[in-house]
Every structure is written in C-alpha cells, then in structure tokens.
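**Q** Structure incoming, see below.
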Amino acid sequence: MADDLWEHPDWARQTTDDGRDDDDGSSLKYIDLDTINNWVVKLTFRKFGEAEPLSGSGFFLNLPDIQDKHVILTAAHNLILNQRRSLDVKVIYNNPFEIESDHTGEKVKFADDKHGAIIEVPIDNTEGSRNVHICKAYNGGGDPSVDYGVITIPRTSANGPRGFGFSLALAYGTSLNGNISGFKTDKSIPLVKKTLRPPTSSAFNMTYHKNHVKYQATTEKGMSGSPVWVEYQKYLAVVAIQCVFYPMAICSH
C-alpha cells in the first residue's frame, strides 16, 4: 500500500532500553469494543453476471483534514473482478448513539440524527465514479499489496464515525500480534435495525514480507477488506487490510 497514507505522528514504533518492542499490539486493555463496532462497515454487492448477493467488510479511516466525507478502505476484489465492477454496492454501518435520561424517561440520541440505528448507503461503483478509487495496479492477480480500494461517502453529521488511524511503521515489527474485525458472509441483509457487531479474531505472528503482512488467524468469507489492527499506546492503528480467508492470512499493506 502507498507509503504516503496518513498515520499518526506519534506512532513510530518504540523500543525498550534493551532494544525490545515495548508493545506487541495484542493488548485489549484500553479497547472499547463499541468503537470497533462503529468503525467497521459491512459491504453488500453482486458480481457482474451473478444474481447471488455477496458481502465483504471495510473500515473507516481517520483523516483529520477531510471533514465533508467518510473515507472507507476495503479489499479491491470486493469492488472489481475480472475487470468488471461489482454491482449494487452498499455500505452498511452503525449510527453511534447514547442513552439520555430526563424526567420523561430514557431516549436514544443518535450521532447522526437524520438516520436510525443502522445507516445504509448505496455506492456508485461504475467506471469513472468519484466515490470509488481502486488501486490502478490491481488486476485480480495474486499480489496482495495492491488489493485495496477506497470508498467515500458524504458526512451528513458533524458527529459519527471518525475511524482508525493507519500506521505502516507498526507493521515492520517482528512477530507482532493483533486483531481482525469483520463480517462473515451472511446472505440476509440486516433488516432488523439493531447494532451490527463484527466478530474479532486474533492475528498471531505477523511478519512483513515485500509490501504485505502474513499472520495466523481464523478468518471466513466476508471478512475480506477487514482492518488488521493493533492497540498501540492507547490508540487503535490499522497495519493492513485483510485480503484472503485462509488460516495463514495475507494482507495488503
């Protein structure tokens, strides 16, 4: 993945006095799982010429300089296959909320008051779309380092998802441990308006190999495009994008 992607300036990997990494990324000590739920998105789509609906995953990326859009990263093969763009693409994500109490009782206050518990956004994935950007080097081949795409959707509220930071530097650690959060393939589109909860799987022994990351994890179909993330200095940082669903997973970076 392009090395100029924004990352938090404090996320240069730190070491202890004896040269060891001071954090292997595996701790969940400071993690609010509701935050993960709200930053991971579900994609639904159809492949060209096929009727069966498919699903994938993606995640919000926190880019402080972009205020009018949400930026979502996912795997390119969710968006294009055999040079044909996926059809009927939708992004589905949680609308964060708080419970407020007053003399009349409790009420739900959504971050985006124009929507309910789940927000569903149709995406223009046609050639030339200004809302979808697929890595130009991706040709459907086996190079995971170019298997990524970007989706932008309008920000309709000042509140709502900000998303993960992206720290390339953390991926260079030896035997880094982390996590993958994404949605398994589910043919049912979530019609019941309740909070989406993506499963989280541990990723062990991450190693960096020629612009991609390998690790051992339990993943399933539908999790392509999921964030591979670590908790580092109390921040959530993505180090790669999940691309395949084998026990020895390979990710774009």
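Naming works like this for the structure tokens: A, B, ... for the chains as they're shown, residue 1 at the start of each chain, ligands 1 onward in shown order.
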Excluding same-chain residues fewer than 4 positions from range 176-186 of chain A, what lies within 9 Å of it counting only C-alpha atoms, as an MDAnalysis selection string?

**A** chainID A and resid 23:27 36:37 40:43 54:59 170:172 197:207 215 217 219:231 241:242

**Q** Write out as number ranges by chain each polymer residue whose atoms come within 10 Å of Tyr138 in chain A, counting only C-alpha atoms; drop sequence neighbours fewer than 5 positions from it.

**A** A: 76-77, 80-81, 83, 143-149

**Q** Using only C-alpha atoms, which residue out of A:Lys47, A:Arg162, A:Lys136, A:Lys234 lies closest to Asp65 in chain A?

**A** A:Arg162

**Q** Could you check how far CA of Gly163 in chain A sits from CA of Pro96 in chain A, in Å to one decimal?

**A**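 Between CA of Gly163 in chain A and CA of Pro96 in chain A the gap is 12.3 Å.
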
**Q** Using backbone DSSP assignments, extract all helix (DSSP H, G or I) residues from range 48-203 of chain A; output them as a PyMOL selection string.

**A** chain A and resi 76-78+144-146+169-172

**Q** Using the chain letters and numbers from this document, which residues of range 69-122 of chain A does DSSP assign to strand (DSSP E), as a ChimeraX atom specification?

**A** /A:69-74,80-81,84-85,87-94,97-102,105-110,118-122

**Q** Which residue is closest to Asn131 in chain A? Choose from A:Tyr208, A:Ile72, A:Ala169, A:Ile153 and count only C-alpha atoms.

**A**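 Ranking A:Tyr208, A:Ile72, A:Ala169, A:Ile153 by distance to Asn131 in chain A, first place goes to A:Ile153.
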
**Q** Pick the closest to Val238 in chain A from A:Gly49, A:Gly128, A:Gly165, A:Gly160: which is it, counting only C-alpha atoms?

**A** A:Gly165

**Q** Between A:Cys243, A:Leu196, A:Ala237, A:Leu33, which is the closest to Phe166 in chain A once you count only C-alpha atoms?

**A** A:Ala237

**Q** For a quick check of understanding, using only C-alpha atoms, which of A:Leu61, A:Leu79, A:Ile119, A:Val132 has the smallest distance to Val91 in chain A?

**A**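 Of A:Leu61, A:Leu79, A:Ile119, A:Val132, the one nearest Val91 in chain A, counting only C-alpha atoms, is A:Ile119.
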
**Q** Rounded to one decimal place, report the CA of Tyr235 in chain A-CA of Asn62 in chain A distance in Å.

**A**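 We find that CA of Tyr235 in chain A and CA of Asn62 in chain A lie 11.9 Å from each other.
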
**Q** Could you work out how far CA of His70 in chain A lies from CA of Asn211 in chain A, giving the answer in Å with one decimal?

**A** 25.9 Å

**Q** Point out the residue among A:His209, A:Arg84, A:Arg155, A:Arg130 with the least atom-to-atom distance to Asp112 in chain A, counting only C-alpha atoms.

**A** A:Arg155
